[in-house]
$ cat run-v4.cif   # mmCIF, C-alpha atoms
data_start
loop_
_atom_site.group_PDB
_atom_site.id
_atom_site.type_symbol
_atom_site.label_atom_id
_atom_site.label_comp_id
_atom_site.auth_asym_id
_atom_site.auth_seq_id
_atom_site.Cartn_x
_atom_site.Cartn_y
_atom_site.Cartn_z
ATOM 1 C CA MET M 24 102.498 -10.552 42.717
ATOM 2 C CA ILE M 25 102.754 -13.533 45.074
ATOM 3 C CA ARG M 26 106.539 -13.297 45.231
ATOM 4 C CA SER M 27 106.253 -9.566 45.923
ATOM 5 C CA TRP M 28 103.819 -10.150 48.789
ATOM 6 C CA LEU M 29 105.952 -12.894 50.308
ATOM 7 C CA GLY M 30 109.040 -10.729 49.915
ATOM 8 C CA THR M 31 107.270 -7.944 51.786
ATOM 9 C CA LEU M 32 106.337 -10.399 54.558
ATOM 10 C CA VAL M 33 109.938 -11.578 54.930
ATOM 11 C CA THR M 34 111.266 -7.995 54.937
ATOM 12 C CA LEU M 35 108.735 -7.003 57.572
ATOM 13 C CA ALA M 36 109.705 -10.011 59.690
ATOM 14 C CA LEU M 37 113.369 -9.032 59.574
ATOM 15 C CA CYS M 38 112.566 -5.430 60.473
ATOM 16 C CA LEU M 39 110.408 -6.460 63.431
ATOM 17 C CA ALA M 40 112.668 -9.214 64.722
ATOM 18 C CA SER M 41 114.748 -6.943 66.924
ATOM 19 C CA THR M 42 111.881 -5.165 68.702
ATOM 20 C CA PRO M 43 109.123 -6.493 70.997
ATOM 21 C CA PRO M 44 105.509 -6.274 69.817
ATOM 22 C CA LEU M 45 103.166 -3.594 71.144
ATOM 23 C CA GLY M 46 102.073 -4.644 74.602
ATOM 24 C CA ALA M 47 104.089 -7.869 74.464
ATOM 25 C CA GLN M 48 104.457 -9.761 77.709
ATOM 26 C CA GLN M 49 107.238 -12.096 78.683
ATOM 27 C CA ARG M 50 106.014 -15.543 79.691
ATOM 28 C CA PRO M 51 107.496 -18.251 81.925
ATOM 29 C CA PRO M 52 109.365 -20.404 82.459
ATOM 30 C CA ALA M 53 112.310 -18.119 83.109
ATOM 31 C CA PRO M 54 115.920 -19.290 83.254
ATOM 32 C CA ALA M 55 116.955 -20.497 86.686
ATOM 33 C CA SER M 56 119.017 -17.375 87.372
ATOM 34 C CA THR M 57 116.002 -15.171 86.606
ATOM 35 C CA ALA M 58 113.723 -17.413 88.654
ATOM 36 C CA GLN M 59 116.064 -17.155 91.635
ATOM 37 C CA ALA M 60 116.208 -13.378 91.277
ATOM 38 C CA ARG M 61 112.404 -13.237 91.291
ATOM 39 C CA LEU M 62 112.271 -15.248 94.497
ATOM 40 C CA ARG M 63 114.918 -13.093 96.197
ATOM 41 C CA ALA M 64 112.986 -9.922 95.292
ATOM 42 C CA ALA M 65 109.559 -11.264 96.286
ATOM 43 C CA ASP M 66 107.606 -10.305 99.379
ATOM 44 C CA SER M 67 105.426 -12.628 101.437
ATOM 45 C CA THR M 68 102.240 -11.623 99.585
ATOM 46 C CA THR M 69 103.396 -12.832 96.147
ATOM 47 C CA THR M 70 102.252 -16.297 95.101
ATOM 48 C CA PHE M 71 104.434 -18.354 92.763
ATOM 49 C CA VAL M 72 104.141 -21.559 90.826
ATOM 50 C CA VAL M 73 107.612 -22.986 91.373
ATOM 51 C CA GLY M 74 109.041 -25.531 88.949
ATOM 52 C CA LEU M 75 111.874 -27.776 90.098
ATOM 53 C CA LYS M 76 114.593 -29.471 88.093
ATOM 54 C CA ASP M 77 113.116 -32.914 88.838
ATOM 55 C CA GLY M 78 109.987 -31.909 86.886
ATOM 56 C CA SER M 79 107.684 -31.371 89.868
ATOM 57 C CA SER M 80 105.980 -28.085 90.753
ATOM 58 C CA PHE M 81 103.972 -26.507 93.559
ATOM 59 C CA THR M 82 102.222 -23.251 94.462
ATOM 60 C CA GLY M 83 103.444 -21.209 97.407
ATOM 61 C CA ARG M 84 104.765 -17.981 98.907
ATOM 62 C CA VAL M 85 108.299 -17.167 99.967
ATOM 63 C CA ARG M 86 108.759 -17.163 103.740
ATOM 64 C CA ALA M 87 112.514 -16.630 103.971
ATOM 65 C CA ILE M 88 115.649 -16.796 101.856
ATOM 66 C CA GLN M 89 119.114 -17.581 103.096
ATOM 67 C CA ASN M 90 122.313 -17.745 101.075
ATOM 68 C CA ASP M 91 121.604 -20.931 99.151
ATOM 69 C CA SER M 92 118.104 -21.958 100.205
ATOM 70 C CA VAL M 93 114.527 -20.685 100.181
ATOM 71 C CA SER M 94 111.582 -21.547 102.440
ATOM 72 C CA PHE M 95 108.006 -21.600 101.155
ATOM 73 C CA ALA M 96 104.566 -21.690 102.669
ATOM 74 C CA SER M 97 102.676 -23.944 100.279
ATOM 75 C CA SER M 98 99.427 -25.861 100.025
ATOM 76 C CA VAL M 99 101.269 -28.977 101.238
ATOM 77 C CA GLY M 100 102.932 -27.256 104.192
ATOM 78 C CA SER M 101 106.318 -25.604 104.735
ATOM 79 C CA LEU M 102 109.098 -26.452 102.278
ATOM 80 C CA THR M 103 112.789 -25.586 102.289
ATOM 81 C CA LEU M 104 114.700 -26.056 99.043
ATOM 82 C CA ALA M 105 118.097 -25.330 97.595
ATOM 83 C CA LEU M 106 117.878 -22.371 95.211
ATOM 84 C CA SER M 107 119.876 -24.376 92.702
ATOM 85 C CA ASP M 108 116.941 -26.838 92.459
ATOM 86 C CA VAL M 109 114.561 -24.115 91.242
ATOM 87 C CA ARG M 110 113.992 -24.176 87.478
ATOM 88 C CA SER M 111 111.219 -21.579 87.141
ATOM 89 C CA ALA M 112 109.179 -19.187 89.267
ATOM 90 C CA THR M 113 105.915 -17.982 87.768
ATOM 91 C CA VAL M 114 104.000 -15.186 89.462
ATOM 92 C CA VAL M 115 100.365 -16.207 89.892
ATOM 93 C CA ARG M 116 97.949 -13.445 88.960
ATOM 94 C CA ALA M 117 94.684 -13.116 90.889
ATOM 95 C CA ARG M 118 92.675 -13.928 87.762
ATOM 96 C CA ASP M 119 94.580 -17.206 87.346
ATOM 97 C CA ILE M 120 93.038 -18.560 90.548
ATOM 98 C CA ARG M 121 89.556 -19.998 89.965
ATOM 99 C CA ASN M 122 87.722 -21.486 92.967
ATOM 100 C CA GLY M 123 91.041 -21.850 94.745
ATOM 101 C CA GLU M 124 92.644 -23.651 91.782
ATOM 102 C CA TYR M 125 95.528 -22.356 89.661
ATOM 103 C CA TRP M 126 94.782 -22.230 85.930
ATOM 104 C CA PHE M 127 98.095 -22.544 84.120
ATOM 105 C CA PRO M 128 98.565 -20.579 80.850
ATOM 106 C CA ASN M 129 96.783 -21.871 77.754
ATOM 107 C CA PRO M 130 99.341 -24.193 76.110
ATOM 108 C CA ASN M 131 97.781 -23.790 72.637
ATOM 109 C CA ARG M 132 96.999 -20.079 72.482
ATOM 110 C CA THR M 133 98.392 -19.551 68.965
ATOM 111 C CA ARG M 134 95.964 -21.874 67.137
ATOM 112 C CA LEU M 135 92.324 -22.851 66.922
ATOM 113 C CA LEU M 136 91.748 -26.375 65.584
ATOM 114 C CA PHE M 137 93.972 -25.775 62.569
ATOM 115 C CA ALA M 138 93.870 -22.045 61.799
ATOM 116 C CA PRO M 139 96.243 -19.603 63.503
ATOM 117 C CA THR M 140 95.083 -17.044 66.019
ATOM 118 C CA GLY M 141 96.486 -13.524 66.188
ATOM 119 C CA ARG M 142 98.714 -14.500 69.111
ATOM 120 C CA MET M 143 102.415 -15.227 68.679
ATOM 121 C CA LEU M 144 104.854 -17.649 70.235
ATOM 122 C CA ASP M 145 107.352 -16.010 72.556
ATOM 123 C CA GLY M 146 110.899 -15.866 71.255
ATOM 124 C CA GLY M 147 112.625 -19.181 71.911
ATOM 125 C CA ASP M 148 109.379 -21.106 72.491
ATOM 126 C CA GLY M 149 108.154 -23.774 70.099
ATOM 127 C CA TYR M 150 105.899 -26.756 69.645
ATOM 128 C CA PHE M 151 105.504 -30.007 67.742
ATOM 129 C CA SER M 152 102.061 -30.574 66.235
ATOM 130 C CA ASN M 153 100.116 -33.155 64.302
ATOM 131 C CA TYR M 154 96.725 -32.707 62.646
ATOM 132 C CA VAL M 155 94.463 -35.579 61.514
ATOM 133 C CA LEU M 156 97.515 -37.851 61.973
ATOM 134 C CA ILE M 157 99.042 -36.953 58.570
ATOM 135 C CA PHE M 158 100.142 -33.316 59.063
ATOM 136 C CA PRO M 159 103.092 -33.280 61.485
ATOM 137 C CA GLY M 160 104.957 -30.015 61.910
ATOM 138 C CA VAL M 161 107.132 -27.814 64.092
ATOM 139 C CA ALA M 162 106.887 -24.099 64.869
ATOM 140 C CA VAL M 163 109.422 -21.885 66.647
ATOM 141 C CA GLY M 164 109.271 -18.301 67.840
ATOM 142 C CA LEU M 165 112.379 -16.646 66.387
ATOM 143 C CA THR M 166 111.419 -13.535 68.375
ATOM 144 C CA ASP M 167 108.249 -12.396 70.127
ATOM 145 C CA LYS M 168 107.153 -10.989 66.766
ATOM 146 C CA VAL M 169 108.304 -13.600 64.264
ATOM 147 C CA THR M 170 107.306 -17.272 64.145
ATOM 148 C CA ILE M 171 108.322 -19.803 61.516
ATOM 149 C CA GLY M 172 106.812 -23.244 61.142
ATOM 150 C CA GLY M 173 106.659 -26.051 58.656
ATOM 151 C CA GLY M 174 106.418 -29.740 57.979
ATOM 152 C CA PHE M 175 105.316 -32.323 55.439
ATOM 153 C CA THR M 176 102.499 -34.817 55.102
ATOM 154 C CA ILE M 177 102.831 -38.517 55.867
ATOM 155 C CA ILE M 178 99.983 -39.842 53.713
ATOM 156 C CA PRO M 179 100.079 -43.678 53.671
ATOM 157 C CA GLY M 180 100.884 -45.188 50.290
ATOM 158 C CA VAL M 181 102.335 -41.957 48.884
ATOM 159 C CA ASP M 182 106.051 -41.765 48.135
ATOM 160 C CA LEU M 183 108.063 -39.252 50.144
ATOM 161 C CA SER M 184 108.895 -37.388 46.932
ATOM 162 C CA ASP M 185 105.152 -36.816 46.366
ATOM 163 C CA GLN M 186 104.167 -35.699 49.867
ATOM 164 C CA LEU M 187 103.056 -32.105 50.478
ATOM 165 C CA LEU M 188 105.626 -29.728 51.961
ATOM 166 C CA TYR M 189 104.446 -26.645 53.829
ATOM 167 C CA LEU M 190 105.928 -23.537 55.429
ATOM 168 C CA THR M 191 104.071 -21.166 57.774
ATOM 169 C CA PRO M 192 105.789 -17.805 58.403
ATOM 170 C CA LYS M 193 103.867 -15.433 60.679
ATOM 171 C CA VAL M 194 104.524 -11.864 61.836
ATOM 172 C CA GLY M 195 102.877 -10.231 64.857
ATOM 173 C CA LEU M 196 101.723 -6.636 64.466
ATOM 174 C CA VAL M 197 99.911 -5.914 67.752
ATOM 175 C CA ALA M 198 100.058 -7.893 71.006
ATOM 176 C CA THR M 199 98.118 -6.837 74.101
ATOM 177 C CA GLU M 200 96.142 -8.862 76.634
ATOM 178 C CA GLU M 201 92.904 -8.307 74.698
ATOM 179 C CA ILE M 202 93.940 -7.573 71.083
ATOM 180 C CA ASN M 203 96.391 -9.564 68.949
ATOM 181 C CA LEU M 204 96.885 -8.969 65.215
ATOM 182 C CA ALA M 205 99.159 -10.847 62.808
ATOM 183 C CA ILE M 206 99.795 -11.543 59.135
ATOM 184 C CA GLY M 207 101.235 -14.682 57.626
ATOM 185 C CA ALA M 208 101.208 -17.281 54.907
ATOM 186 C CA LEU M 209 100.608 -20.967 54.338
ATOM 187 C CA MET M 210 103.057 -21.926 51.580
ATOM 188 C CA THR M 211 102.638 -25.420 50.162
ATOM 189 C CA ARG M 212 104.384 -27.402 47.449
ATOM 190 C CA ALA M 213 103.410 -30.772 46.073
ATOM 191 C CA GLY M 214 106.497 -32.966 46.178
ATOM 192 C CA PHE M 215 110.200 -32.192 46.129
ATOM 193 C CA ASN M 216 110.531 -31.354 42.440
ATOM 194 C CA ASP M 217 111.520 -27.956 41.063
ATOM 195 C CA GLY M 218 108.325 -27.213 39.176
ATOM 196 C CA GLY M 219 106.794 -23.820 39.831
ATOM 197 C CA ASN M 220 103.160 -24.567 39.026
ATOM 198 C CA ASP M 221 102.633 -27.038 41.856
ATOM 199 C CA SER M 222 103.034 -24.429 44.611
ATOM 200 C CA PHE M 223 99.887 -23.147 46.278
ATOM 201 C CA GLY M 224 98.766 -21.700 49.581
ATOM 202 C CA MET M 225 97.241 -18.691 51.248
ATOM 203 C CA LEU M 226 98.207 -15.185 52.381
ATOM 204 C CA TYR M 227 96.236 -14.051 55.417
ATOM 205 C CA GLY M 228 95.617 -11.526 58.136
ATOM 206 C CA VAL M 229 94.116 -12.565 61.470
ATOM 207 C CA GLY M 230 92.959 -10.894 64.663
ATOM 208 C CA THR M 231 92.162 -12.346 68.085
ATOM 209 C CA PHE M 232 90.054 -10.378 70.552
ATOM 210 C CA GLY M 233 89.767 -11.398 74.184
ATOM 211 C CA GLY M 234 91.854 -13.090 76.850
ATOM 212 C CA GLU M 235 93.571 -16.472 76.809
ATOM 213 C CA ASN M 236 90.619 -18.185 78.479
ATOM 214 C CA GLY M 237 88.013 -16.883 76.052
ATOM 215 C CA SER M 238 88.366 -15.093 72.728
ATOM 216 C CA VAL M 239 87.022 -14.559 69.220
ATOM 217 C CA THR M 240 89.306 -14.860 66.174
ATOM 218 C CA THR M 241 88.548 -13.543 62.697
ATOM 219 C CA GLY M 242 90.688 -13.773 59.591
ATOM 220 C CA VAL M 243 90.739 -13.072 55.874
ATOM 221 C CA GLY M 244 92.875 -15.046 53.427
ATOM 222 C CA TYR M 245 93.600 -14.992 49.700
ATOM 223 C CA GLY M 246 94.469 -18.310 48.128
ATOM 224 C CA TYR M 247 97.085 -18.566 45.412
ATOM 225 C CA THR M 248 98.373 -21.099 42.896
ATOM 226 C CA GLY M 249 101.756 -20.450 41.342
ATOM 227 C CA ASN M 250 101.744 -16.692 40.751
ATOM 228 C CA ASP M 251 97.945 -16.367 40.491
ATOM 229 C CA LEU M 252 96.154 -14.775 43.445
ATOM 230 C CA ALA M 253 92.451 -15.344 44.111
ATOM 231 C CA ARG M 254 90.192 -12.369 43.482
ATOM 232 C CA SER M 255 87.870 -13.078 46.402
ATOM 233 C CA PRO M 256 88.889 -13.768 50.003
ATOM 234 C CA LEU M 257 88.224 -16.698 52.270
ATOM 235 C CA VAL M 258 86.722 -15.552 55.579
ATOM 236 C CA MET M 259 87.288 -17.368 58.863
ATOM 237 C CA ILE M 260 85.399 -16.810 62.127
ATOM 238 C CA GLY M 261 86.297 -18.841 65.199
ATOM 239 C CA GLY M 262 87.001 -18.752 68.881
ATOM 240 C CA ASP M 263 87.801 -20.639 72.033
ATOM 241 C CA ALA M 264 86.424 -20.805 75.566
ATOM 242 C CA ARG M 265 88.100 -22.458 78.540
ATOM 243 C CA LEU M 266 85.526 -24.305 80.631
ATOM 244 C CA SER M 267 87.794 -25.572 83.376
ATOM 245 C CA ARG M 268 91.460 -25.938 84.252
ATOM 246 C CA ARG M 269 91.884 -28.790 81.750
ATOM 247 C CA LEU M 270 88.944 -28.524 79.349
ATOM 248 C CA GLY M 271 87.815 -26.052 76.707
ATOM 249 C CA LEU M 272 85.774 -25.568 73.540
ATOM 250 C CA VAL M 273 87.206 -24.421 70.212
ATOM 251 C CA THR M 274 85.603 -23.668 66.842
ATOM 252 C CA GLU M 275 86.662 -22.362 63.443
ATOM 253 C CA ASN M 276 84.290 -21.737 60.566
ATOM 254 C CA TYR M 277 84.935 -20.736 56.956
ATOM 255 C CA ILE M 278 83.040 -18.907 54.243
ATOM 256 C CA PHE M 279 84.442 -19.860 50.826
ATOM 257 C CA PRO M 280 84.392 -17.496 47.827
ATOM 258 C CA GLY M 281 83.760 -17.890 44.085
ATOM 259 C CA GLU M 282 83.496 -21.366 42.612
ATOM 260 C CA LEU M 283 84.059 -22.880 46.058
ATOM 261 C CA GLU M 284 81.147 -20.903 47.485
ATOM 262 C CA GLY M 285 79.877 -22.482 50.667
ATOM 263 C CA VAL M 286 80.674 -22.796 54.354
ATOM 264 C CA LEU M 287 82.559 -25.174 56.616
ATOM 265 C CA LEU M 288 81.636 -25.460 60.279
ATOM 266 C CA SER M 289 83.539 -27.102 63.115
ATOM 267 C CA LEU M 290 83.383 -27.589 66.859
ATOM 268 C CA GLY M 291 85.858 -29.359 69.100
ATOM 269 C CA MET M 292 86.805 -30.167 72.675
ATOM 270 C CA ARG M 293 90.271 -29.219 73.863
ATOM 271 C CA PHE M 294 91.972 -31.071 76.697
ATOM 272 C CA PHE M 295 94.771 -29.150 78.426
ATOM 273 C CA GLY M 296 98.017 -30.131 80.038
ATOM 274 C CA GLU M 297 100.603 -27.621 81.194
ATOM 275 C CA THR M 298 102.732 -28.197 78.087
ATOM 276 C CA MET M 299 100.353 -29.886 75.647
ATOM 277 C CA ALA M 300 96.819 -29.780 74.269
ATOM 278 C CA LEU M 301 94.712 -32.455 72.570
ATOM 279 C CA ASP M 302 91.756 -31.597 70.305
ATOM 280 C CA PHE M 303 88.841 -33.771 69.223
ATOM 281 C CA GLY M 304 86.323 -32.199 66.879
ATOM 282 C CA LEU M 305 83.709 -32.587 64.166
ATOM 283 C CA ILE M 306 83.784 -30.824 60.788
ATOM 284 C CA LEU M 307 80.656 -30.203 58.723
ATOM 285 C CA PRO M 308 81.478 -29.276 55.087
ATOM 286 C CA SER M 309 78.965 -27.044 53.290
ATOM 287 C CA GLY M 310 76.964 -26.675 56.502
ATOM 288 C CA GLY M 311 73.949 -28.338 54.900
ATOM 289 C CA VAL M 312 71.604 -30.930 56.347
ATOM 290 C CA GLY M 313 72.692 -34.374 55.253
ATOM 291 C CA SER M 314 76.324 -33.399 54.692
ATOM 292 C CA VAL M 315 78.969 -35.840 55.807
ATOM 293 C CA VAL M 316 80.388 -35.062 59.239
ATOM 294 C CA LEU M 317 84.151 -35.559 59.385
ATOM 295 C CA PRO M 318 86.182 -36.238 62.541
ATOM 296 C CA PHE M 319 89.164 -34.093 63.498
ATOM 297 C CA VAL M 320 91.997 -34.868 65.884
ATOM 298 C CA GLY M 321 95.066 -32.784 66.590
ATOM 299 C CA PHE M 322 97.605 -32.143 69.309
ATOM 300 C CA ILE M 323 100.557 -29.955 70.174
ATOM 301 C CA VAL M 324 103.448 -30.444 72.582
ATOM 302 C CA ASN M 325 105.363 -27.347 73.643
ATOM 303 C CA PHE M 326 109.140 -27.252 74.011
#

$ encode --input "run-v4.cif" --output "structure tokens"
Amino acid sequence: MIRSWLGTLVTLALCLASTPPLGAQQRPPAPASTAQARLRAADSTTTFVVGLKDGSSFTGRVRAIQNDSVSFASSVGSLTLALSDVRSATVVRARDIRNGEYWFPNPNRTRLLFAPTGRMLDGGDGYFSNYVLIFPGVAVGLTDKVTIGGGFTIIPGVDLSDQLLYLTPKVGLVATEEINLAIGALMTRAGFNDGGNDSFGMLYGVGTFGGENGSVTTGVGYGYTGNDLARSPLVMIGGDARLSRRLGLVTENYIFPGELEGVLLSLGMRFFGETMALDFGLILPSGGVGSVVLPFVGFIVNF
């Protein structure tokens, strides 16, 4: 049954790989040629965040374009640059300006603390992550609808051959500004041996409702061991809220079924950069008074 479900997931991923998701939006940065085309087509009312090849960026409007140069009216005054120096040109939406300050896109929109959201990576985008210092991993958007990730643990004192390996395929089903739905799997194997009984993981569906600066995420997952699928689902309820340009709150909470009956609560602070996010949180197993509170730390770096 597990192999059948995973086979269905892979088949669906291949079928969806060549088409964009419902309501999908392309995200910056664009290739230089596309960025230059955007600037050439812009009028004086369009505001851009312009990224340069030296790594710097600024916000401004196009004043004039000549053959090989472009002039901007920016917050630091008038600038004239060679078009060849422009790496990206991101159109600033009115809702991205808060109290006169540009809020760059959420760099960690596809995850809560650990659990996935319903949002997908754009095709060609990716990130490196590490959770609680022992779960490093990489994820890449093969297309706007298909993401593949994976990694292995680095538990001190445990031989490499005994570390946990994990794979995280994910397929987007719906992608709009306010609704994002996806299905996926967490596939884990203990060690590098060929045994079949040491594989375990979870098959899940997840939905995220709301914008990138504030949303609620709910998910349902069925754990499995070998070829045995759990009869009762794990339920996850979480969300995130951006408090400022570089600070937000994030939470994910679980209701466990069957013999594991109980809850797990968490709350964390998220610190934003334009290409990275750092999370510090607290986890309360069982949700009962007197339970041990565990620390959580995690980060991602986009590439």

$ axis_aligned_box --input "run-v4.cif" --around "range 115-131 of chain M" --padding-each-side "8 Å" --output "JSON"
{"center_x": 94.0, "center_y": -18.7, "center_z": 83.7, "size_x": 28.6, "size_y": 27.1, "size_z": 38.1}

$ resolve_selection --input "run-v4.cif" --expression "the PyMOL selection byres ((chain M and resi 146) around 9)" --output "compact mmCIF listing (two decimals) with C-alpha atoms, in the coordinates of the input"
# COMPACT_ATOMS: atom_id res chain seq x y z
CA MET M 143 102.42 -15.23 68.68
CA LEU M 144 104.85 -17.65 70.24
CA ASP M 145 107.35 -16.01 72.56
CA GLY M 147 112.62 -19.18 71.91
CA ASP M 148 109.38 -21.11 72.49
CA GLY M 149 108.15 -23.77 70.10
CA VAL M 163 109.42 -21.88 66.65
CA GLY M 164 109.27 -18.30 67.84
CA LEU M 165 112.38 -16.65 66.39
CA THR M 166 111.42 -13.54 68.38
CA ASP M 167 108.25 -12.40 70.13
CA LYS M 168 107.15 -10.99 66.77
CA VAL M 169 108.30 -13.60 64.26
CA THR M 170 107.31 -17.27 64.14

$ closest_residue --input "run-v4.cif" --among "M:Ser111, M:Asn203, M:Thr82, M:Thr298" --to "Ala60 in chain M" --atoms "all atoms listed in the file"
M:Ser111

$ closest_residue --input "run-v4.cif" --among "M:Glu200, M:Asp119, M:Asp66, M:Asp182" --to "Phe95 in chain M" --atoms "only C-alpha atoms"
M:Asp66

$ resolve_selection --input "run-v4.cif" --expression "the PyMOL selection byres ((chain M and resi 65) around 10)" --output "list of chain:residue names"
M:Gln59, M:Ala60, M:Arg61, M:Leu62, M:Arg63, M:Ala64, M:Asp66, M:Ser67, M:Thr68, M:Thr69, M:Thr70, M:Phe71, M:Arg84, M:Val85, M:Arg86, M:Ala87, M:Ile88, M:Val114

$ atom_distance --input "run-v4.cif" --atom1 "CA of Ala138 in chain M" --atom2 "CA of Ile120 in chain M"
29.0 Å

$ residues_around --input "run-v4.cif" --residues "Val73 in chain M" --least-positions-apart "4" --cutoff "9 Å" --atoms "only C-alpha atoms" --output "list in words"
Ala58, Ser79, Ser80, Phe81, Thr82, Gly83, Val109, Arg110, Ser111, Ala112, Thr113 and Val114 of chain M

$ closest_residue --input "run-v4.cif" --among "M:Ala105, M:Leu187, M:Ala208, M:Thr241" --to "Ile278 in chain M" --atoms "all atoms listed in the file"
M:Thr241

$ residues_around --input "run-v4.cif" --residues "Glu284 in chain M" --least-positions-apart "3" --cutoff "12 Å" --atoms "all atoms listed in the file" --output "PDB file with C-alpha atoms, in the coordinates of the input"
ATOM      1  CA  SER M 255      87.870 -13.078  46.402  1.00  0.00           C
ATOM      2  CA  PRO M 256      88.889 -13.768  50.003  1.00  0.00           C
ATOM      3  CA  LEU M 257      88.224 -16.698  52.270  1.00  0.00           C
ATOM      4  CA  VAL M 258      86.722 -15.552  55.579  1.00  0.00           C
ATOM      5  CA  TYR M 277      84.935 -20.736  56.956  1.00  0.00           C
ATOM      6  CA  ILE M 278      83.040 -18.907  54.243  1.00  0.00           C
ATOM      7  CA  PHE M 279      84.442 -19.860  50.826  1.00  0.00           C
ATOM      8  CA  PRO M 280      84.392 -17.496  47.827  1.00  0.00           C
ATOM      9  CA  GLY M 281      83.760 -17.890  44.085  1.00  0.00           C
ATOM     10  CA  LEU M 287      82.559 -25.174  56.616  1.00  0.00           C
ATOM     11  CA  PRO M 308      81.478 -29.276  55.087  1.00  0.00           C
ATOM     12  CA  SER M 309      78.965 -27.044  53.290  1.00  0.00           C
ATOM     13  CA  GLY M 310      76.964 -26.675  56.502  1.00  0.00           C
TER      14      GLY M 310
END

$ closest_residue --input "run-v4.cif" --among "M:Gly234, M:Gly261, M:Pro192, M:Pro318" --to "Ala162 in chain M" --atoms "all atoms listed in the file"
M:Pro192

$ closest_residue --input "run-v4.cif" --among "M:Leu183, M:Leu317, M:Val239, M:Val197" --to "Gly214 in chain M" --atoms "only C-alpha atoms"
M:Leu183

$ resolve_selection --input "run-v4.cif" --expression "the PyMOL selection byres ((chain M and resi 236) around 6)" --output "PyMOL selection string"
chain M and resi 234-235+237+264-265

$ residues_around --input "run-v4.cif" --residues "Gly173 in chain M" --least-positions-apart "5" --cutoff "10 Å" --atoms "only C-alpha atoms" --output "VMD selection string"
chain M and resid 151 to 152 158 to 163 188 to 192 209 to 211

$ residues_near_point --input "run-v4.cif" --point "(89.6, -29.9, 75.4)" --cutoff "7 Å" --atoms "all atoms listed in the file" --output "list in words"
Arg269, Leu270, Gly271, Leu272, Met292, Arg293, Phe294, Phe295, Leu301 and Asp302 of chain M

$ residues_around --input "run-v4.cif" --residues "Thr248 in chain M" --least-positions-apart "4" --cutoff "8 Å" --atoms "only C-alpha atoms" --output "PyMOL selection string"
chain M and resi 220-224+252

$ closest_residue --input "run-v4.cif" --among "M:Gly285, M:Pro139, M:Ile260, M:Leu156" --to "Gly207 in chain M" --atoms "all atoms listed in the file"
M:Pro139

$ decode --input "run-v4.cif" --residues "range 83-116 of chain M" --atoms "C-alpha atoms" --output "PDB file, in the first residue's frame"
ATOM      1  CA  GLY M  83      13.701  53.544  -7.127  1.00  0.00           C
ATOM      2  CA  ARG M  84      11.809  54.523 -10.269  1.00  0.00           C
ATOM      3  CA  VAL M  85      13.098  54.704 -13.816  1.00  0.00           C
ATOM      4  CA  ARG M  86      13.633  58.267 -15.027  1.00  0.00           C
ATOM      5  CA  ALA M  87      15.212  57.608 -18.419  1.00  0.00           C
ATOM      6  CA  ILE M  88      16.867  54.847 -20.412  1.00  0.00           C
ATOM      7  CA  GLN M  89      19.477  55.308 -23.082  1.00  0.00           C
ATOM      8  CA  ASN M  90      21.171  52.624 -25.150  1.00  0.00           C
ATOM      9  CA  ASP M  91      23.323  51.092 -22.434  1.00  0.00           C
ATOM     10  CA  SER M  92      22.395  52.970 -19.267  1.00  0.00           C
ATOM     11  CA  VAL M  93      19.407  53.690 -17.037  1.00  0.00           C
ATOM     12  CA  SER M  94      18.731  56.604 -14.678  1.00  0.00           C
ATOM     13  CA  PHE M  95      16.762  56.172 -11.455  1.00  0.00           C
ATOM     14  CA  ALA M  96      15.113  58.431  -8.944  1.00  0.00           C
ATOM     15  CA  SER M  97      15.813  56.663  -5.665  1.00  0.00           C
ATOM     16  CA  SER M  98      15.666  57.261  -1.935  1.00  0.00           C
ATOM     17  CA  VAL M  99      19.367  58.194  -2.026  1.00  0.00           C
ATOM     18  CA  GLY M 100      19.039  60.592  -4.957  1.00  0.00           C
ATOM     19  CA  SER M 101      19.503  60.258  -8.720  1.00  0.00           C
ATOM     20  CA  LEU M 102      21.515  57.284  -9.983  1.00  0.00           C
ATOM     21  CA  THR M 103      22.762  56.406 -13.453  1.00  0.00           C
ATOM     22  CA  LEU M 104      23.930  52.841 -14.037  1.00  0.00           C
ATOM     23  CA  ALA M 105      25.025  50.620 -16.871  1.00  0.00           C
ATOM     24  CA  LEU M 106      22.235  48.189 -17.758  1.00  0.00           C
ATOM     25  CA  SER M 107      24.796  45.405 -17.749  1.00  0.00           C
ATOM     26  CA  ASP M 108      25.277  45.973 -13.983  1.00  0.00           C
ATOM     27  CA  VAL M 109      21.619  45.181 -13.243  1.00  0.00           C
ATOM     28  CA  ARG M 110      21.074  41.655 -11.916  1.00  0.00           C
ATOM     29  CA  SER M 111      17.379  41.815 -10.983  1.00  0.00           C
ATOM     30  CA  ALA M 112      14.441  44.213 -11.080  1.00  0.00           C
ATOM     31  CA  THR M 113      11.564  43.432  -8.742  1.00  0.00           C
ATOM     32  CA  VAL M 114       8.317  45.360  -9.063  1.00  0.00           C
ATOM     33  CA  VAL M 115       7.265  46.661  -5.652  1.00  0.00           C
ATOM     34  CA  ARG M 116       3.576  46.152  -4.967  1.00  0.00           C
TER      35      ARG M 116
END
